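This is run_22.csv. It holds CSV, C-alpha atoms and all ligand atoms.
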```
chain,number,residue,atom,x,y,z
A,1,MET,CA,99.9,105.7,71.6
A,2,ALA,CA,100.4,105.9,75.4
A,3,ARG,CA,102.4,103.9,77.8
A,4,LEU,CA,100.0,103.3,80.7
A,5,LEU,CA,100.7,102.2,84.3
A,6,ILE,CA,97.6,100.7,85.7
A,7,LEU,CA,97.7,100.3,89.5
A,8,GLY,CA,95.2,97.6,90.5
A,9,GLY,CA,94.6,96.4,86.9
A,10,SER,CA,93.7,92.8,87.8
A,11,GLY,CA,90.3,93.6,89.4
A,12,PHE,CA,86.9,94.0,87.9
A,13,ILE,CA,87.3,97.5,86.4
A,14,GLY,CA,91.0,97.1,85.6
A,15,SER,CA,90.8,93.9,83.7
A,16,ASN,CA,88.0,95.4,81.5
A,17,LEU,CA,90.0,98.6,81.0
A,18,ILE,CA,93.1,96.7,80.0
A,19,GLY,CA,91.1,94.9,77.3
A,20,VAL,CA,89.8,98.2,75.9
A,21,THR,CA,93.1,100.0,76.1
A,22,LEU,CA,95.1,97.2,74.5
A,23,ASN,CA,92.6,97.2,71.6
A,24,ALA,CA,93.2,101.0,71.3
A,25,GLY,CA,96.9,100.3,70.8
A,26,HIS,CA,98.3,101.4,74.2
A,27,THR,CA,101.0,99.5,76.0
A,28,ILE,CA,100.1,98.4,79.5
A,29,THR,CA,102.0,97.8,82.7
A,30,ASN,CA,99.7,96.3,85.3
A,31,PHE,CA,100.9,96.6,88.9
A,32,ASP,CA,98.8,94.5,91.3
A,33,ARG,CA,99.2,91.9,94.0
A,34,PRO,CA,101.4,88.8,93.1
A,35,GLY,CA,99.6,86.0,91.2
A,36,THR,CA,96.6,88.2,90.1
A,37,SER,CA,97.5,88.9,86.5
A,38,PRO,CA,94.4,88.1,84.3
A,39,ASP,CA,95.3,85.0,82.1
A,40,GLN,CA,93.7,86.5,79.0
A,41,PHE,CA,96.4,89.2,78.7
A,42,ASN,CA,99.6,87.4,79.7
A,43,ALA,CA,100.6,86.5,76.1
A,44,HIS,CA,99.8,89.9,74.7
A,45,ILE,CA,103.0,91.7,73.4
A,46,ALA,CA,101.9,95.1,74.7
A,47,TYR,CA,101.0,93.8,78.2
A,48,ARG,CA,103.3,93.4,81.2
A,49,PHE,CA,102.5,92.4,84.8
A,50,VAL,CA,104.6,93.7,87.6
A,51,PRO,CA,103.6,92.1,91.0
A,52,GLY,CA,103.7,94.2,94.1
A,53,TYR,CA,101.9,95.9,97.0
A,54,LEU,CA,100.9,99.5,96.7
A,55,ASN,CA,101.7,100.0,100.4
A,56,ASP,CA,105.3,98.8,99.9
A,57,ASN,CA,107.4,101.8,98.7
A,58,SER,CA,110.2,99.5,97.3
A,59,HIS,CA,107.6,97.7,95.1
A,60,LEU,CA,106.3,101.1,93.8
A,61,ARG,CA,109.8,102.4,93.1
A,62,ASN,CA,110.5,99.1,91.2
A,63,VAL,CA,107.5,99.5,88.8
A,64,PHE,CA,108.2,103.2,88.2
A,65,ASN,CA,111.9,102.4,87.5
A,66,GLN,CA,111.1,100.0,84.7
A,67,GLU,CA,110.2,102.6,82.0
A,68,PRO,CA,108.8,106.1,81.5
A,69,TYR,CA,105.0,106.2,81.6
A,70,ASP,CA,102.6,108.7,79.9
A,71,CYS,CA,99.7,108.1,82.3
A,72,VAL,CA,99.0,106.4,85.6
A,73,VAL,CA,95.5,105.0,86.2
A,74,HIS,CA,95.0,104.4,89.9
A,75,LEU,CA,92.4,101.7,90.8
A,76,VAL,CA,93.6,100.3,94.0
A,77,SER,CA,91.3,100.4,97.0
A,78,SER,CA,91.2,98.3,100.1
A,79,LEU,CA,87.8,99.7,101.1
A,80,ILE,CA,84.2,99.1,100.0
A,81,PRO,CA,81.2,101.3,100.8
A,82,SER,CA,80.3,99.2,103.9
A,83,SER,CA,83.8,99.3,105.4
A,84,GLY,CA,84.0,100.7,108.9
A,85,TYR,CA,86.5,102.8,110.9
A,86,ASP,CA,88.8,99.9,111.8
A,87,GLU,CA,89.3,99.0,108.1
A,88,PHE,CA,89.7,102.6,107.2
A,89,PHE,CA,92.3,103.1,109.9
A,90,ASN,CA,94.2,99.8,109.3
A,91,ASP,CA,94.5,100.5,105.6
A,92,ARG,CA,95.4,104.1,105.6
A,93,ASP,CA,98.8,103.2,104.1
A,94,VAL,CA,97.0,101.9,101.0
A,95,ASN,CA,94.4,104.6,100.9
A,96,LEU,CA,96.3,107.8,101.7
A,97,THR,CA,100.1,107.4,102.2
A,98,ALA,CA,100.5,105.5,99.0
A,99,CYS,CA,99.2,108.5,97.1
A,100,TYR,CA,102.1,110.6,98.3
A,101,GLU,CA,104.5,107.9,97.1
A,102,ILE,CA,102.8,107.7,93.7
A,103,VAL,CA,103.1,111.4,93.1
A,104,LYS,CA,106.8,111.3,94.2
A,105,ASN,CA,107.5,108.4,91.9
A,106,MET,CA,105.6,110.1,89.0
A,107,MET,CA,107.8,113.2,89.4
A,108,ASN,CA,111.0,111.0,89.3
A,109,ASN,CA,109.7,109.1,86.3
A,110,GLY,CA,108.7,112.1,84.3
A,111,CYS,CA,105.0,111.0,84.2
A,112,ARG,CA,102.7,114.0,84.6
A,113,LYS,CA,99.2,112.5,84.2
A,114,ILE,CA,97.1,110.5,86.7
A,115,ILE,CA,93.5,109.3,86.4
A,116,TYR,CA,92.2,108.5,89.9
A,117,PHE,CA,89.1,106.3,90.5
A,118,SER,CA,87.0,108.1,93.2
A,119,SER,CA,83.4,107.2,93.7
A,120,GLY,CA,80.3,108.9,92.3
A,121,GLY,CA,78.1,106.8,94.5
A,122,THR,CA,79.5,107.9,97.8
A,123,VAL,CA,81.3,111.3,97.7
A,124,TYR,CA,78.1,113.3,97.2
A,125,GLY,CA,76.3,111.5,100.1
A,126,ASN,CA,73.0,113.0,101.2
A,127,ASN,CA,73.5,116.4,99.7
A,128,GLY,CA,69.8,117.0,98.9
A,129,LYS,CA,70.3,117.0,95.1
A,130,GLU,CA,68.3,114.7,92.8
A,131,ILE,CA,71.0,114.6,90.2
A,132,ASN,CA,74.7,115.2,91.2
A,133,HIS,CA,76.9,117.5,89.2
A,134,GLU,CA,80.7,117.5,89.7
A,135,SER,CA,80.4,120.9,91.4
A,136,ASP,CA,77.8,119.9,93.9
A,137,ASP,CA,78.4,119.6,97.7
A,138,LEU,CA,80.4,116.7,98.8
A,139,CYS,CA,79.0,115.1,101.9
A,140,PRO,CA,80.2,111.5,102.2
A,141,GLN,CA,78.6,109.4,104.8
A,142,THR,CA,80.9,106.4,104.7
A,143,TYR,CA,84.6,105.9,105.5
A,144,TYR,CA,85.0,104.7,101.9
A,145,GLY,CA,83.5,108.0,100.5
A,146,TYR,CA,85.6,110.0,103.0
A,147,SER,CA,88.8,108.2,102.0
A,148,LYS,CA,88.0,108.9,98.3
A,149,LEU,CA,87.4,112.6,99.0
A,150,ALA,CA,90.7,112.8,101.0
A,151,ILE,CA,92.6,111.4,98.1
A,152,GLU,CA,90.8,113.7,95.6
A,153,GLU,CA,92.0,116.6,97.8
A,154,PHE,CA,95.5,115.3,98.0
A,155,LEU,CA,95.7,115.1,94.2
A,156,LYS,CA,94.4,118.6,93.8
A,157,PHE,CA,97.0,119.8,96.3
A,158,SER,CA,99.7,117.9,94.3
A,159,SER,CA,98.7,119.6,91.1
A,160,ARG,CA,99.0,123.0,92.8
A,161,THR,CA,102.4,122.2,94.3
A,162,HIS,CA,103.9,120.0,91.6
A,163,ASP,CA,103.6,119.8,87.9
A,164,ILE,CA,101.0,117.0,88.0
A,165,ASN,CA,97.9,116.8,85.9
A,166,HIS,CA,95.1,114.9,87.6
A,167,LEU,CA,91.8,113.7,86.3
A,168,ILE,CA,89.4,112.5,89.0
A,169,VAL,CA,86.7,110.1,87.9
A,170,ARG,CA,83.6,109.4,89.9
A,171,PRO,CA,81.9,106.3,88.5
A,172,SER,CA,78.4,105.4,89.5
A,173,ASN,CA,77.5,101.6,89.8
A,174,PRO,CA,79.4,99.6,87.1
A,175,TYR,CA,78.2,96.1,86.4
A,176,GLY,CA,79.3,93.4,83.9
A,177,SER,CA,81.8,90.8,83.0
A,178,GLY,CA,84.5,90.1,85.5
A,179,GLN,CA,82.6,91.4,88.6
A,180,ASN,CA,82.5,89.1,91.5
A,181,LEU,CA,79.2,87.3,91.6
A,182,PHE,CA,79.6,86.3,95.2
A,183,GLY,CA,81.1,89.5,96.7
A,184,LYS,CA,79.6,92.3,98.9
A,185,GLN,CA,79.4,94.9,96.1
A,186,GLY,CA,77.5,95.3,92.9
A,187,LEU,CA,73.7,94.6,93.1
A,188,ILE,CA,73.3,93.3,89.5
A,189,SER,CA,76.2,90.8,89.6
A,190,VAL,CA,75.5,89.6,93.2
A,191,ALA,CA,71.7,89.1,92.4
A,192,LEU,CA,72.6,87.1,89.2
A,193,GLY,CA,75.0,85.1,91.3
A,194,LYS,CA,72.3,84.2,93.8
A,195,ILE,CA,70.0,83.1,91.0
A,196,LEU,CA,72.8,80.9,89.6
A,197,GLN,CA,73.1,79.3,93.0
A,198,ASN,CA,69.3,79.0,93.3
A,199,GLN,CA,69.3,81.1,96.4
A,200,PRO,CA,67.1,84.1,97.4
A,201,ILE,CA,68.4,87.6,96.7
A,202,GLU,CA,69.0,89.6,99.9
A,203,ILE,CA,68.2,93.4,99.8
A,204,TRP,CA,68.9,96.0,102.4
A,205,GLY,CA,65.8,98.1,102.8
A,206,ASP,CA,62.5,98.0,100.9
A,207,GLY,CA,64.0,98.1,97.4
A,208,HIS,CA,63.2,101.8,96.7
A,209,VAL,CA,66.8,103.0,96.9
A,210,ILE,CA,67.7,104.5,93.5
A,211,ARG,CA,71.1,104.1,91.8
A,212,ASP,CA,72.7,104.9,88.5
A,213,TYR,CA,73.9,101.7,86.8
A,214,LEU,CA,76.6,101.7,84.0
A,215,HIS,CA,77.8,98.8,81.9
A,216,ILE,CA,81.5,98.1,82.4
A,217,SER,CA,82.2,98.5,78.7
A,218,ASP,CA,80.8,102.1,78.8
A,219,LEU,CA,83.0,102.9,81.8
A,220,SER,CA,86.1,101.4,80.1
A,221,HIS,CA,85.5,103.5,77.0
A,222,ALA,CA,85.0,106.6,79.1
A,223,ILE,CA,88.4,106.1,80.7
A,224,SER,CA,89.9,105.4,77.3
A,225,ALA,CA,88.5,108.7,76.1
A,226,LEU,CA,90.1,110.5,79.1
A,227,ILE,CA,93.4,108.9,78.5
A,228,ASP,CA,93.4,110.4,75.0
A,229,SER,CA,92.0,113.8,76.0
A,230,LYS,CA,94.0,116.9,76.8
A,231,GLU,CA,91.8,117.8,79.8
A,232,LYS,CA,93.8,118.8,82.9
A,233,ASN,CA,92.9,118.9,86.6
A,234,GLU,CA,89.2,118.1,86.2
A,235,VAL,CA,86.6,116.0,87.9
A,236,PHE,CA,84.3,113.8,85.8
A,237,ASN,CA,81.2,111.9,86.8
A,238,ILE,CA,80.8,108.6,84.8
A,239,GLY,CA,77.4,107.1,84.8
A,240,SER,CA,74.3,106.5,82.7
A,241,GLY,CA,72.6,109.7,84.0
A,242,VAL,CA,69.4,107.6,84.7
A,243,GLY,CA,68.2,106.2,88.0
A,244,HIS,CA,66.6,102.8,88.7
A,245,SER,CA,65.3,101.5,92.0
A,246,VAL,CA,66.5,98.2,93.4
A,247,ASN,CA,63.0,96.7,92.8
A,248,GLN,CA,63.1,97.8,89.1
A,249,ILE,CA,66.5,96.1,88.7
A,250,LEU,CA,65.1,92.9,90.3
A,251,ASP,CA,62.2,93.0,87.8
A,252,ILE,CA,64.6,93.3,84.9
A,253,ILE,CA,66.7,90.4,86.2
A,254,HIS,CA,63.7,88.1,86.7
A,255,ASN,CA,62.5,89.0,83.3
A,256,VAL,CA,65.9,88.5,81.6
A,257,THR,CA,66.7,85.2,83.3
A,258,GLY,CA,63.2,83.9,83.4
A,259,LEU,CA,64.0,82.8,87.0
A,260,ASN,CA,62.9,84.0,90.4
A,261,THR,CA,64.6,82.4,93.4
A,262,GLY,CA,62.9,84.8,95.9
A,263,VAL,CA,63.8,88.1,97.5
A,264,VAL,CA,64.5,88.7,101.2
A,265,TYR,CA,64.2,92.3,102.4
A,266,LYS,CA,66.4,93.1,105.4
A,267,PRO,CA,66.5,96.3,107.5
A,268,SER,CA,68.1,99.3,105.7
A,269,ARG,CA,71.6,100.4,106.6
A,270,PRO,CA,72.7,104.0,107.3
A,271,VAL,CA,75.3,103.8,104.4
A,272,ASP,CA,72.5,103.3,101.9
A,273,ILE,CA,71.5,106.8,100.9
A,274,PRO,CA,68.1,106.9,99.1
A,275,LEU,CA,69.0,108.5,95.8
A,276,ASN,CA,72.2,108.7,93.7
A,277,ILE,CA,72.1,109.7,90.0
A,278,LEU,CA,75.0,111.3,88.2
A,279,ALA,CA,74.9,114.2,85.7
A,280,ILE,CA,77.2,113.1,82.8
A,281,ASP,CA,76.9,116.2,80.5
A,282,LYS,CA,80.5,117.4,81.3
A,283,LEU,CA,82.2,114.2,80.2
A,284,LYS,CA,79.9,114.0,77.1
A,285,GLN,CA,80.7,117.5,76.1
A,286,LYS,CA,84.5,117.3,76.7
A,287,THR,CA,85.2,113.9,75.1
A,288,GLY,CA,82.2,113.0,72.9
A,289,TRP,CA,81.8,109.8,75.0
A,290,GLN,CA,78.3,108.6,75.7
A,291,PRO,CA,76.9,105.4,77.3
A,292,ARG,CA,75.8,102.9,74.7
A,293,VAL,CA,74.7,99.8,76.5
A,294,ASP,CA,71.0,99.8,77.5
A,295,LEU,CA,70.4,98.4,81.0
A,296,LYS,CA,68.2,95.5,80.0
A,297,ASN,CA,70.6,94.5,77.1
A,298,GLY,CA,73.6,94.8,79.5
A,299,ILE,CA,72.0,92.5,82.1
A,300,ALA,CA,71.1,90.0,79.4
A,301,LEU,CA,74.6,90.1,78.0
A,302,LEU,CA,76.1,89.5,81.5
A,303,TRP,CA,73.7,86.6,82.1
A,304,LYS,CA,74.8,85.1,78.8
A,305,GLU,CA,78.5,85.5,79.6
A,306,MET,CA,77.9,83.8,83.0
A,307,GLN,CA,76.7,80.7,81.2
A,308,LEU,CA,79.4,80.7,78.5
A,309,ASN,CA,82.4,81.8,80.5
A,310,PRO,CA,81.9,80.9,84.2
A,311,GLN,CA,85.6,81.1,85.1
A,312,ARG,CA,85.6,84.9,84.4
A,313,PHE,CA,83.3,85.3,87.4
A,314,ASN,CA,85.1,83.3,90.2
A,401,LIG,N1,83.2,98.4,91.4
A,401,LIG,C1,82.5,99.5,91.7
A,401,LIG,O1,81.3,99.4,91.9
A,401,LIG,C2,83.2,100.8,91.8
A,401,LIG,C3,82.4,102.0,91.8
A,401,LIG,C4,83.0,103.3,91.9
A,401,LIG,C5,84.4,103.3,92.1
A,401,LIG,N2,85.1,102.2,92.2
A,401,LIG,C6,86.6,102.3,92.4
A,401,LIG,O2,87.2,101.8,91.3
A,401,LIG,C7,88.5,101.1,91.7
A,401,LIG,C8,88.5,99.7,91.1
A,401,LIG,O3,87.4,99.0,91.5
A,401,LIG,P1,87.2,97.5,91.2
A,401,LIG,O4,85.7,97.2,91.4
A,401,LIG,O5,87.9,97.1,90.0
A,401,LIG,O6,87.9,96.8,92.5
A,401,LIG,P2,88.6,95.4,92.6
A,401,LIG,O7,88.7,95.1,94.0
A,401,LIG,O8,88.0,94.4,91.7
A,401,LIG,O9,90.1,95.7,92.1
A,401,LIG,C9,91.1,96.3,92.9
A,401,LIG,C10,92.4,95.8,92.5
A,401,LIG,O10,93.4,96.4,93.4
A,401,LIG,C11,94.3,95.4,93.9
A,401,LIG,N3,94.8,95.7,95.2
A,401,LIG,C12,94.2,95.8,96.3
A,401,LIG,N4,95.0,96.2,97.3
A,401,LIG,C13,96.2,96.2,96.7
A,401,LIG,C14,97.5,96.6,97.2
A,401,LIG,N5,97.8,96.8,98.5
A,401,LIG,N6,98.6,96.6,96.3
A,401,LIG,C15,98.4,96.3,95.0
A,401,LIG,N7,97.2,96.0,94.5
A,401,LIG,C16,96.1,96.0,95.4
A,401,LIG,C17,93.4,94.1,93.9
A,401,LIG,O11,94.3,92.9,93.8
A,401,LIG,C18,92.5,94.2,92.7
A,401,LIG,O12,93.0,93.6,91.6
A,401,LIG,C19,88.5,101.2,93.2
A,401,LIG,O13,89.3,102.3,93.6
A,401,LIG,C20,87.0,101.4,93.6
A,401,LIG,O14,86.9,102.0,94.8
A,401,LIG,C21,84.6,100.9,92.0
```
For this file, write the structure as structure tokens.
Ligand SMILES: NC(=O)c1ccc[n+]([C@@H]2O[C@H](COP(=O)([O-])OP(=O)(O)OC[C@H]3O[C@@H](n4cnc5c(N)ncnc54)[C@H](O)[C@@H]3O)[C@@H](O)[C@H]2O)c1
Amino acid sequence: MARLLILGGSGFIGSNLIGVTLNAGHTITNFDRPGTSPDQFNAHIAYRFVPGYLNDNSHLRNVFNQEPYDCVVHLVSSLIPSSGYDEFFNDRDVNLTACYEIVKNMMNNGCRKIIYFSSGGTVYGNNGKEINHESDDLCPQTYYGYSKLAIEEFLKFSSRTHDINHLIVRPSNPYGSGQNLFGKQGLISVALGKILQNQPIEIWGDGHVIRDYLHISDLSHAISALIDSKEKNEVFNIGSGVGHSVNQILDIIHNVTGLNTGVVYKPSRPVDIPLNILAIDKLKQKTGWQPRVDLKNGIALLWKEMQLNPQRFN
């Protein structure tokens, strides 16, 4: 069983991943901002929370000095797809400089494996492909996508110059338990949040934009498979491999909840490329993983969890 250091484990993806990896028998150190440790894990014997900021080198040194790790999972990001130049510029210490410090600390710690969360929805950009494979052209159109690509390149460089094994993962659009219902990211969760508040759902554009949606448990199990795998210095898309338009998603949501609080269509934004679907054959072949949660069932499950466990979504 592996000793994992999860950077940014208190967020949506991290908290789900911690649940899955604890169940798999790994020991987890979660490094995240002070006061963010998810309550449900605090009493678990194989879980430890180390508070700190990624952009503070002394905090990073502190967590790497605590014990040897087998694998780092890097989830921290201060940007979202709609972030502009000012956010990108102000947060470069979190987005780029910290990667150099992570690699340096890994070398000192003896840890040789890092799984980095890039973005399947933004690094390919408008590259003219209907389905994106890992080897396709990378044409990000947002500072978020550009920042992900820059970190991907830094990790590839680190593997060439140091004895570091990187796995870059490019997730599509995850949804599910623990996602912020009232945030700026995640169509399915935000739409369900609006319905919960009896408010209309706001959509950028005419609803024809197509995305690849993946249930968070499928994403967490994909990462768990990569933690166990012997793959080295590879890039993996993680998605469902199937596209749905925004309007199709809204139909499913109205159908599942039995509620329709209205939809407001707003002018489309340049960041919203028309089509993004990920090819997932590589991950399936290399690890045996495959998505298991059907979209309609996944949305129904999320809606049920929102009623039963509302504090998970605040
Ligand atoms: N959610 C998505 O739709 C999606 C899709 C593709 C890729 N990703 C990527 O996956 C990763 C995780 O996404 P998420 O949705 O769980 O994000 P999230 O915002 O829910 O979690 C990020 C975590 O990082 C922590 N963090 C932020 N700045 C920090 C800092 N300076 N020091 C220490 N911790 C800090 C936050 O406290 C939070 O717990 C991100 O890199 C994101 O870009 C997310």
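In terms of minimum interatomic distance to ligand LIG 401 (chain A), A:Lys148 ranks closest within A:Lys148, A:Arg112, A:His244, A:His166, counting only C-alpha atoms and all ligand atoms.
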Legend entry - Close residues to ligand LIG 401 (chain A) using all atoms listed in the file, limit 9 Å, as a ChimeraX atom specification: /A:7-16,31-34,36-37,51-56,74-81,91,93-95,116-122,144-145,148,169-175,178-180,185-186
Inset, instruction - Measure the distance from CA of Phe182 (chain A) to CA of Asp294 (chain A) in Å and round it to one decimal. - result: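 One can read the CA of Phe182 (chain A) to CA of Asp294 (chain A) distance as 23.9 Å.
Our summary of the geometry notes that CA of Leu226 (chain A) is positioned 17.3 Å from CA of Ser159 (chain A).
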Could you give me, as a PDB file with C-alpha atoms, keeping the file's coordinate frame, the residues within 6 Å of Val72 (chain A), counting all atoms listed in the file and dropping anything in the same chain fewer than 5 positions from it?
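Final output, selection_12.pdb:
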```
ATOM      1  CA  LEU A   4     100.000 103.300  80.700  1.00  0.00           C
ATOM      2  CA  LEU A   5     100.700 102.200  84.300  1.00  0.00           C
ATOM      3  CA  ILE A   6      97.600 100.700  85.700  1.00  0.00           C
ATOM      4  CA  ILE A 114      97.100 110.500  86.700  1.00  0.00           C
TER       5      ILE A 114
END
```
Inset, instruction - Measuring atom to atom with all atoms listed in the file, identify which of A:Ser224, A:Val256, A:Asn276, A:Ile164 is nearest to Ile18 (chain A). - result: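 Closest candidate: A:Ser224.
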Inset, instruction - Tell me which of A:Leu22, A:Leu96, A:Leu301, A:Val123 sits closest to Ser135 (chain A), counting only C-alpha atoms. - result: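 The closest residue to Ser135 (chain A) is A:Val123.
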